[in-house]
Structure formats: structure tokens, C-alpha cells
Amino acid sequence: MSGDSSQKDDLDNDEQGTVGEAKFSLICANAKLVANKTSNDRAGYDFAVNARVNRSQSSGLDSRPAPLSCRVQVKTIKVTRDRIKLRLSSIEQLAKDLGPTFIYVFRIHPSGRFGKSYLIHLIDENLATVLAKLRSEEAAGRPSVNNAELYMIPSKVGVEISPTGPALRSKLEELCGSDPAAYVAKKSDQLRKLGYKGTPFSLSMNLKLNDVEEFTDVMLGLRTKIPAKIVDQRETRFGIEIQQSNLPAEGEITVSPAPRSTCKIIIKKDRFASPVTLDGHLYEAPTVADLKKLGAIAARCDLLDIVCKMSPEKLSVKFRMKPLEEGVKFTATEWLNYFKIAQAASTDGFSIEIRTERRPPLRFADLSAMVKLDNHVVDFDATIAAKFKEIMQMASAPEDTRISYEELLKQANLITSAHCIIINDPEMTPLTFDVELDEDVDLSGVRKGIHINFMSIGSEMLVWSADVDLEMRRKGRSAKFISTSVKLREILPMEVEAYTQYVAELGKADPSAALMARSIGEEA
């Protein structure tokens with residue numbers, strides 16, 4: 001009897017583990033789940049748990065949904081405790097598995113009777129806990145985590161679950177979801193992004209610059225590809241900063257500064273002219289002790305850049321319009337403003353004013369001939385842009401429709417023709433239509449026609465139609481119809497696919513009128 005009195009009633013850790021794993025296998029069997037025990041104690045999990053394919057579903061064999069599948073580590077602790085100890089190397093492997101992974105925790109009485117149990121899902125905050133612990137070990141200079149440990153409190157980080165088969169299956173189906181691909185995508189995203197806040201990356205570098213003015217240009221975004229040497233790079237995740245070395249030590253850098261405020265840019269040809277007012281952003285170069293009071297700002301908008309540098313010795317103002325060869329696309333209003341600015345910039349009375357809420361207005365007058373342009377070309381472009389804007393307004397076309405300079409210039413004749421029809425210009429050149437006739441065809445009675453034409457605007461077209469009074473002149477088999485009056489019917493934006501139907505409907509509506517419509521693909 002003395003031998004019996006020396007034997008402990010409590011199960012030791014190994015015995016607890018054996019009992020817990022046996023209980024888990026039984027629960028899975030009751031839930032009709034297959035629990036395959038791993039033979040490798042470094043795999044990070046104890047069981048691969050899988051449901052059988054649902055063969056009762058009527059869908060095709062190839063389209064049946066994938067059955068439930070997950071990996072589970074089983075932990076068994078005394079009922080008086082509420083903390084589990086995990087080897088960090090094992091929990092890392094389990095947590096980083098892209099499929100569903102869990103820790104199933106049994107609480108057991110000294111007698112061997114099971115108490116409450118918990119299921120810890122390694123995603124969201126629980127996944128973040130593992131990743132944060134790994135990062136803290138790296139920051140402490142302990143990249144080998146075989147001897148590191150992580151503690152979790154099941155009642156706080158897990159969900160309480162009845163230690164029965166139906167309860168386990170129901171909870172696993174709920175947490176794993178019905179779309180394995182979506183689960184993998186979510187977890188992959190969390191593995192990449194959990195723990196990052198604000199601006200997690202920082203660089204310290206030395207820039208190779210010759211003088212203060214070059215520094216100012218860099219800070220205003222005017223100078224690109226600056227030779228740079230990185231002296232320090234760091235990454236902060238879960239609030240833990242770690243030095244990195246994933247970028248080359250030397251290279252080139254371009255600074256893209258953030259604007260300090262919004263501004264109004266007001267441009268005049270002379271002090272009595274109507275201004276062009278643009279919404280822009282104001283940029284300022286930061287001050288440095290040895291800048292010798294050099295101040296610099298840049299005002300930018302979609303059409304132009306203005307850079308002002310101020311020092312006790314001089315004031316420098318540089319004005320740059322966005323070059324047309326960049327293939328930029330502007331709205332009708334922007335094109336008109338662009339060419340008005342170009343006209344103003346090549347005259348003696350040219351002035352610029354920059355207004356912000358933070359400081360008094362900056363005015364720069366007598367900026368004569370800052371942009372050297374061919375006035376005849378600019379005047380022509382400004383005229384076409386003004387007509388184009390009026391046409392777009394008449395058609396109630398979307399104001400944000402953008403076209404390139406090449407498209408605008410290529411369609412200058414169409415724009416002029418449409419504008420003449422819209423305003424009923426008395427000096428409009430008559431419309432002419434040439435026809436080849438058979439000898440016995442009599443068109444002498446044709447006196448009315450419908451003229452239909454179009455131009456491209458972005459991905460759509462602008463279509464106009466007009467009623468035309470005609471006069472015929474015939475010579476042999478050739479006939480020419482010349483308009484004696486043209487009256488606009490309508491002008492409207494239209495999808496390219498709708499044009500043919502539009503033409504057909506106009507013809508049906510007035511079959512007595514000659515239909516003179518330009519075909520898609522036909523030169524204007």
C-alpha cells in the first residue's frame with residue numbers, strides 16, 4: 001500500500017498531451033472528420049483534419065466545392081491554468097501556412113475528466129501576435145527561434161467550444177468558410193500587411209549636389225535623378241524598427257514633393273485684358289541654415305509651372321507651359337486657356353499673380369517675351385480652341401472630355417465648318433456635293449437635303465446635322481449640288497456604334513430630302 005501512496009494523481013505533461021490527442025481524434029471521428037496524425041514533431045501541427053467530399057450534391061463532379069481542410073495543433077493544460085506555451089519555431093510554421101490553422105486547447109481535471117475547451121484561429125489578431133513576436137526576436141538579435149517561446153491565453157484569444165464532434169465541425173466550417181481561394185487570399189494579404197501603419201519605411205541618404213540652388217531645385221521637384229548614397233534604411237512593423245539593407249547603397253533618386261497649399265494662378269496679357277484664372281498647387285523649398293535667405297516657391301497646374309526664386313540680390317521667375325509633344329490631353333476649356341496663356345506670354349504686358357490663403361499675393365509684372373512662340377500659329381490655335389469650346393457647349397458634351405493637340409489640329413477644318421453652321425455665319429463657304437449620274441437619271445427636282453457630319457472627341461464622336469437648300473449644276477454625267485442656305489438641326493455627342501442608325505433614322509424621317517452623310521472612315 002505504501003507504493004500506491006507515493007504515486008501522484010495528476011497527469012504529467014506527456015500524459016496530458018497523449019490524453020488530449022486521443023480525445024481530439026475521438027471528437028473528429030464523431031464529427032465524421034478524418035484526423036491524420038503527423039509523425040513529424042517539427043511540422044508545426046499535430047493533425048491534418050479533412051472532411052470527406054459531399055457525394056450527395058447534384059452539381060457536376062468537377063464543380064463540387066472542395067471539402068473542409070485545416071491543420072490543428074492540440075494543447076492540453078490543467079483546468080486550473082489559462083495559459084499555453086508554444087515553441088515559436090513551431091507556431092511560426094503553423095501560423096504562416098496559407099490554409100486555415102488552429103490550436104485546440106483542452107482543460108483537464110486531475111481525474112482525467114475534461115473541462116472547457118477552446119479553439120484558437122490563427123488569423124487576424126492571433127496571426128499578428130505570432131508575427132510581432134517573430135519580429136521582436138529579430139530586433140533583439142535572435143533570428144534563430146528554436147528556443148524562443150510564445151504564450152497565449154485561450155480564454156482571451158480563442159472561442160470556447162464544447163468538446164464534441166458536432167460542435168467542432170460546426171465551428172470549423174464557420175471559420176474556414178466555403179471559399180478556400182478567398183481564405184488563402186485573405187491570409188496572404190495579412191501576412192504581408194499586418195503591423196504596418198503610417199509610413200513604415202525610412203531612408204537616410206546623402207545627395208550629391210553642387211550648391212544651394214541645386215538643393216532648392218530638388219526640393220521643388222525640378223531636378224530629377226540625383227546621385228545619392230544611402231546611409232541608413234529602416235522598416236517599422238508592429239512598432240518595432242529594424243535596420244534593412246535591401247536597397248543598393250548608391251543610386252539615383254527623384255524627389256516628388258507634396259504641395260503646401262492650393263493657389264490661384266492669374267495670368268493677364270496686359271492690365272486691361274480679361275485674366276485667365278487657374279486652380280493650382282503651391283510648393284515651397286524647405287529652409288536650411290546655410291541657404292542665405294534664399295526663398296523659392298513653385299506654382300503648378302495641369303497647364304503650366306511657375307518657379308520663383310527670391311534672394312536679397314535678385315528675383316528669378318521661370319515660366320514653363322506643358323509641352324505639346326508630350327501628348328497631353330486637355331478639355332475644351334483647358335485648350336482655350338492654354339492658347340490664351342501662350343498669347344499673353346509672348347506680349348510685353350504679360351503678368352502673373354499667385355494667390356493663396358496663407359500669404360499676400362505674389363505679383364510679377366512686365367515679364368516680357370518669356371515664351372517665344374510664332375504668334376500666327378498661336379492665334380490660329382486659340383481661334384480653333386475657342387470654336388471647339390463653343391461647339392462642345394452647344395452639344396452639351398461632357399465638360400471633362402479630353403482630346404490631344406494632334407486631334408484638335410487635325411480636325412481644325414471640321415471644327416470651323418461645324419462652328420459656321422452653328423452660328424449661321426453669313427460668310428460661310430457653301431457646302432458642295434459631287435455626284436456621278438447615269439444619263440437617264442433626273443435629279444433636277446432635288447432642292448432639299450440633309451447634311452450630316454462628325455468629329456472625334458475622345459472615345460466618342462460629335463455629330464451635327466443640318467437642313468440644306470440645294471442648287472444643282474450638271475455637266476454630262478457629273479452633277480454638283482451647292483448649298484444656298486444651311487440651317488442647323490442638332491449637334492450632339494454620340495457613341496460611334498450609334499452613328500449608322502442615326503443616319504438611317506434621319507433618312508426615314510424625311511425621305512424626300514437628299515441624304516448627304518459622311519461615312520465612318522471617309523476623309524472629311
# chains A, B, ... in the order shown; residues from 1 in each chain; ligands from 1

$ residues_around --residues "segment 512-521 of chain A" --least-positions-apart "2" --cutoff "7 Å" --atoms "only C-alpha atoms" --output "list in words"
Lys448, Gly449, Ile450, His451, Ile452, Asn453, Gly507, Asp510 and Glu523 of chain A

$ residues_around --residues "Pro426 of chain A" --least-positions-apart "3" --cutoff "12 Å" --atoms "only C-alpha atoms" --output "PyMOL selection string"
chain A and resi 419-423+429-430+484-487

$ write_last_selection --atoms "C-alpha atoms" --output "mmCIF file, in the first residue's frame"
data_model
loop_
_atom_site.group_PDB
_atom_site.id
_atom_site.type_symbol
_atom_site.label_atom_id
_atom_site.label_comp_id
_atom_site.auth_asym_id
_atom_site.auth_seq_id
_atom_site.Cartn_x
_atom_site.Cartn_y
_atom_site.Cartn_z
ATOM 1 C CA HIS A 419 -18.978 76.352 -85.936
ATOM 2 C CA CYS A 420 -20.103 78.222 -89.077
ATOM 3 C CA ILE A 421 -23.252 76.077 -89.230
ATOM 4 C CA ILE A 422 -23.973 76.573 -85.524
ATOM 5 C CA ILE A 423 -23.732 80.372 -85.625
ATOM 6 C CA THR A 429 -18.424 78.843 -97.671
ATOM 7 C CA PRO A 430 -21.241 76.931 -99.440
ATOM 8 C CA THR A 484 -27.756 78.142 -100.928
ATOM 9 C CA SER A 485 -28.708 78.000 -97.237
ATOM 10 C CA VAL A 486 -27.779 75.809 -94.297
ATOM 11 C CA LYS A 487 -29.790 75.585 -91.068
#

$ atom_distance --atom1 "atom CA of Ala128 of chain A" --atom2 "atom CA of Lys171 of chain A"
21.5 Å

$ atom_distance --atom1 "atom CA of Leu134 of chain A" --atom2 "atom CA of Asp97 of chain A"
15.1 Å

$ select_by_dssp --residues "segment 125-300 of chain A" --states "helix (DSSP H, G or I)" --output "PyMOL selection string"
chain A and resi 125-139+154-157+165-176+180-193+212-219+289-291

$ closest_residue --among "A:Arg142, A:Lys314, A:Arg83, A:Lys186" --to "Leu127 of chain A" --atoms "only C-alpha atoms"
A:Lys186

$ select_by_dssp --residues "segment 225-327 of chain A" --states "strand (DSSP E)" --output "PyMOL selection string"
chain A and resi 226-237+240-243+250-253+261-268+276-284+295-300+304-310+315-321

$ atom_distance --atom1 "atom CA of Gln243 of chain A" --atom2 "atom CA of Val231 of chain A"
10.9 Å

$ residues_around --residues "Pro248 of chain A" --least-positions-apart "2" --cutoff "12 Å" --atoms "only C-alpha atoms" --output "PyMOL selection string"
chain A and resi 203+205+228-233+244-246+250-253

$ write_last_selection --atoms "N, CA and C atoms" --output "PDB file, in the first residue's frame"
ATOM      1  N   LEU A 203      14.387  56.305 -44.958  1.00  0.00           N
ATOM      2  CA  LEU A 203      15.712  56.294 -45.571  1.00  0.00           C
ATOM      3  C   LEU A 203      16.486  57.523 -45.119  1.00  0.00           C
ATOM      4  N   MET A 205      19.948  59.474 -46.426  1.00  0.00           N
ATOM      5  CA  MET A 205      20.873  59.423 -47.554  1.00  0.00           C
ATOM      6  C   MET A 205      21.615  60.740 -47.709  1.00  0.00           C
ATOM      7  N   ALA A 228      22.802  59.663 -55.236  1.00  0.00           N
ATOM      8  CA  ALA A 228      22.540  59.557 -53.799  1.00  0.00           C
ATOM      9  C   ALA A 228      23.242  58.330 -53.238  1.00  0.00           C
ATOM     10  N   LYS A 229      23.643  58.451 -51.968  1.00  0.00           N
ATOM     11  CA  LYS A 229      24.246  57.337 -51.237  1.00  0.00           C
ATOM     12  C   LYS A 229      23.414  57.091 -49.995  1.00  0.00           C
ATOM     13  N   ILE A 230      22.863  55.895 -49.887  1.00  0.00           N
ATOM     14  CA  ILE A 230      22.025  55.551 -48.734  1.00  0.00           C
ATOM     15  C   ILE A 230      22.921  55.211 -47.547  1.00  0.00           C
ATOM     16  N   VAL A 231      22.702  55.909 -46.438  1.00  0.00           N
ATOM     17  CA  VAL A 231      23.496  55.655 -45.232  1.00  0.00           C
ATOM     18  C   VAL A 231      22.707  54.868 -44.187  1.00  0.00           C
ATOM     19  N   ASP A 232      21.367  54.842 -44.331  1.00  0.00           N
ATOM     20  CA  ASP A 232      20.573  54.084 -43.366  1.00  0.00           C
ATOM     21  C   ASP A 232      19.179  53.862 -43.940  1.00  0.00           C
ATOM     22  N   GLN A 233      18.663  52.656 -43.786  1.00  0.00           N
ATOM     23  CA  GLN A 233      17.282  52.362 -44.191  1.00  0.00           C
ATOM     24  C   GLN A 233      16.637  51.482 -43.140  1.00  0.00           C
ATOM     25  N   GLN A 244      17.398  47.796 -42.372  1.00  0.00           N
ATOM     26  CA  GLN A 244      17.304  46.990 -43.579  1.00  0.00           C
ATOM     27  C   GLN A 244      18.530  47.227 -44.462  1.00  0.00           C
ATOM     28  N   SER A 245      18.709  46.338 -45.422  1.00  0.00           N
ATOM     29  CA  SER A 245      19.790  46.520 -46.399  1.00  0.00           C
ATOM     30  C   SER A 245      19.378  45.961 -47.752  1.00  0.00           C
ATOM     31  N   ASN A 246      18.068  46.110 -48.077  1.00  0.00           N
ATOM     32  CA  ASN A 246      17.569  45.526 -49.311  1.00  0.00           C
ATOM     33  C   ASN A 246      17.695  46.448 -50.516  1.00  0.00           C
ATOM     34  N   GLU A 250      24.182  52.815 -53.389  1.00  0.00           N
ATOM     35  CA  GLU A 250      24.268  54.021 -54.209  1.00  0.00           C
ATOM     36  C   GLU A 250      23.299  53.908 -55.376  1.00  0.00           C
ATOM     37  N   GLY A 251      22.822  55.078 -55.814  1.00  0.00           N
ATOM     38  CA  GLY A 251      21.905  55.107 -56.944  1.00  0.00           C
ATOM     39  C   GLY A 251      21.469  56.522 -57.238  1.00  0.00           C
ATOM     40  N   GLU A 252      20.311  56.646 -57.842  1.00  0.00           N
ATOM     41  CA  GLU A 252      19.747  57.958 -58.168  1.00  0.00           C
ATOM     42  C   GLU A 252      18.359  58.070 -57.561  1.00  0.00           C
ATOM     43  N   ILE A 253      18.008  59.280 -57.180  1.00  0.00           N
ATOM     44  CA  ILE A 253      16.716  59.498 -56.539  1.00  0.00           C
ATOM     45  C   ILE A 253      16.052  60.734 -57.132  1.00  0.00           C
TER      46      ILE A 253
END

$ residues_around --residues "segment 338-347 of chain A" --least-positions-apart "5" --cutoff "12 Å" --atoms "only C-alpha atoms" --output "PyMOL selection string"
chain A and resi 265-271+273-278+301-304+318-324+328-333+352+365-386+405

$ closest_residue --among "A:Arg135, A:Val145, A:Pro67, A:Val74" --to "Ala22 of chain A" --atoms "only C-alpha atoms"
A:Val74

$ residues_around --residues "Ser89 of chain A" --least-positions-apart "4" --cutoff "12 Å" --atoms "only C-alpha atoms" --output "MDAnalysis selection string"
chainID A and resid 41:45 93:96 130:131 133:134 137 143:150

$ write_last_selection --atoms "C-alpha atoms" --output "compact mmCIF listing (two decimals), in the first residue's frame"
# COMPACT_ATOMS: atom_id res chain seq x y z
CA ASP A 41 7.03 16.79 -34.32
CA ARG A 42 8.56 19.79 -36.16
CA ALA A 43 5.72 20.13 -38.66
CA GLY A 44 4.03 22.79 -36.52
CA TYR A 45 0.78 20.86 -36.21
CA GLN A 93 5.25 27.30 -39.35
CA LEU A 94 1.63 26.74 -38.38
CA ALA A 95 0.64 30.42 -38.50
CA LYS A 96 2.28 31.06 -41.89
CA VAL A 130 2.82 35.49 -33.84
CA LEU A 131 4.31 37.86 -36.43
CA LYS A 133 6.81 38.01 -31.58
CA LEU A 134 8.95 36.89 -34.52
CA GLU A 137 13.13 38.24 -31.67
CA PRO A 143 16.96 35.18 -35.55
CA SER A 144 17.12 31.50 -34.57
CA VAL A 145 13.79 30.97 -32.77
CA ASN A 146 14.12 27.28 -31.85
CA ASN A 147 14.45 28.11 -28.16
CA ALA A 148 12.03 31.05 -28.12
CA GLU A 149 8.56 30.65 -26.65
CA LEU A 150 5.21 32.36 -27.15

$ residues_around --residues "Arg473 of chain A" --least-positions-apart "3" --cutoff "10 Å" --atoms "only C-alpha atoms" --output "number ranges by chain"
A: 434, 444, 470, 478-482

$ write_last_selection --atoms "C-alpha atoms" --output "PDB file, in the first residue's frame"
ATOM      1  CA  ASP A 434     -20.339  65.945-106.249  1.00  0.00           C
ATOM      2  CA  SER A 444     -33.476  68.314-111.383  1.00  0.00           C
ATOM      3  CA  LEU A 470     -29.596  72.996-102.811  1.00  0.00           C
ATOM      4  CA  SER A 478     -21.364  64.831-113.423  1.00  0.00           C
ATOM      5  CA  ALA A 479     -23.514  66.891-111.158  1.00  0.00           C
ATOM      6  CA  LYS A 480     -22.665  69.244-108.327  1.00  0.00           C
ATOM      7  CA  PHE A 481     -25.058  70.296-105.627  1.00  0.00           C
ATOM      8  CA  ILE A 482     -24.250  73.614-103.976  1.00  0.00           C
TER       9      ILE A 482
END

$ closest_atom_pairs --of "segment 29-109 of chain A" --to "segment 9-21 of chain A" --cutoff "10 Å" --atoms "only C-alpha atoms" --output "CSV"
residue,atom,partner,partner_atom,distance
A:Lys37,CA,A:Glu21,CA,9.0
A:Asp46,CA,A:Glu21,CA,8.2
A:Phe47,CA,A:Glu21,CA,8.9
A:Gln73,CA,A:Glu21,CA,9.2
A:Val74,CA,A:Glu21,CA,6.4
A:Lys75,CA,A:Gly17,CA,6.7
A:Thr76,CA,A:Gly20,CA,5.6
A:Ile77,CA,A:Gln16,CA,7.2
A:Lys78,CA,A:Gln16,CA,8.4
A:Tyr104,CA,A:Gly20,CA,9.4
A:Val105,CA,A:Gly20,CA,8.5
A:Phe106,CA,A:Gly20,CA,6.6
A:Arg107,CA,A:Gly20,CA,8.9
A:Ile108,CA,A:Gln16,CA,7.9
A:His109,CA,A:Asp10,CA,8.4

$ write_last_selection --atoms "C-alpha atoms" --output "PDB file, in the first residue's frame"
ATOM      1  CA  LYS A  37      -1.743  12.418 -37.082  1.00  0.00           C
ATOM      2  CA  ASP A  46      -0.467  17.588 -34.739  1.00  0.00           C
ATOM      3  CA  PHE A  47      -3.350  16.759 -37.080  1.00  0.00           C
ATOM      4  CA  GLN A  73      -2.164  21.714 -33.015  1.00  0.00           C
ATOM      5  CA  VAL A  74      -3.613  20.202 -29.833  1.00  0.00           C
ATOM      6  CA  LYS A  75      -2.635  21.542 -26.395  1.00  0.00           C
ATOM      7  CA  THR A  76      -3.826  20.109 -23.071  1.00  0.00           C
ATOM      8  CA  ILE A  77      -3.493  22.078 -19.818  1.00  0.00           C
ATOM      9  CA  LYS A  78      -4.666  21.677 -16.236  1.00  0.00           C
ATOM     10  CA  TYR A 104      -7.321  23.271 -29.998  1.00  0.00           C
ATOM     11  CA  VAL A 105      -6.925  23.635 -26.210  1.00  0.00           C
ATOM     12  CA  PHE A 106      -8.309  21.102 -23.708  1.00  0.00           C
ATOM     13  CA  ARG A 107      -8.534  21.878 -19.980  1.00  0.00           C
ATOM     14  CA  ILE A 108      -8.359  18.690 -17.972  1.00  0.00           C
ATOM     15  CA  HIS A 109      -9.124  17.845 -14.309  1.00  0.00           C
TER      16      HIS A 109
END
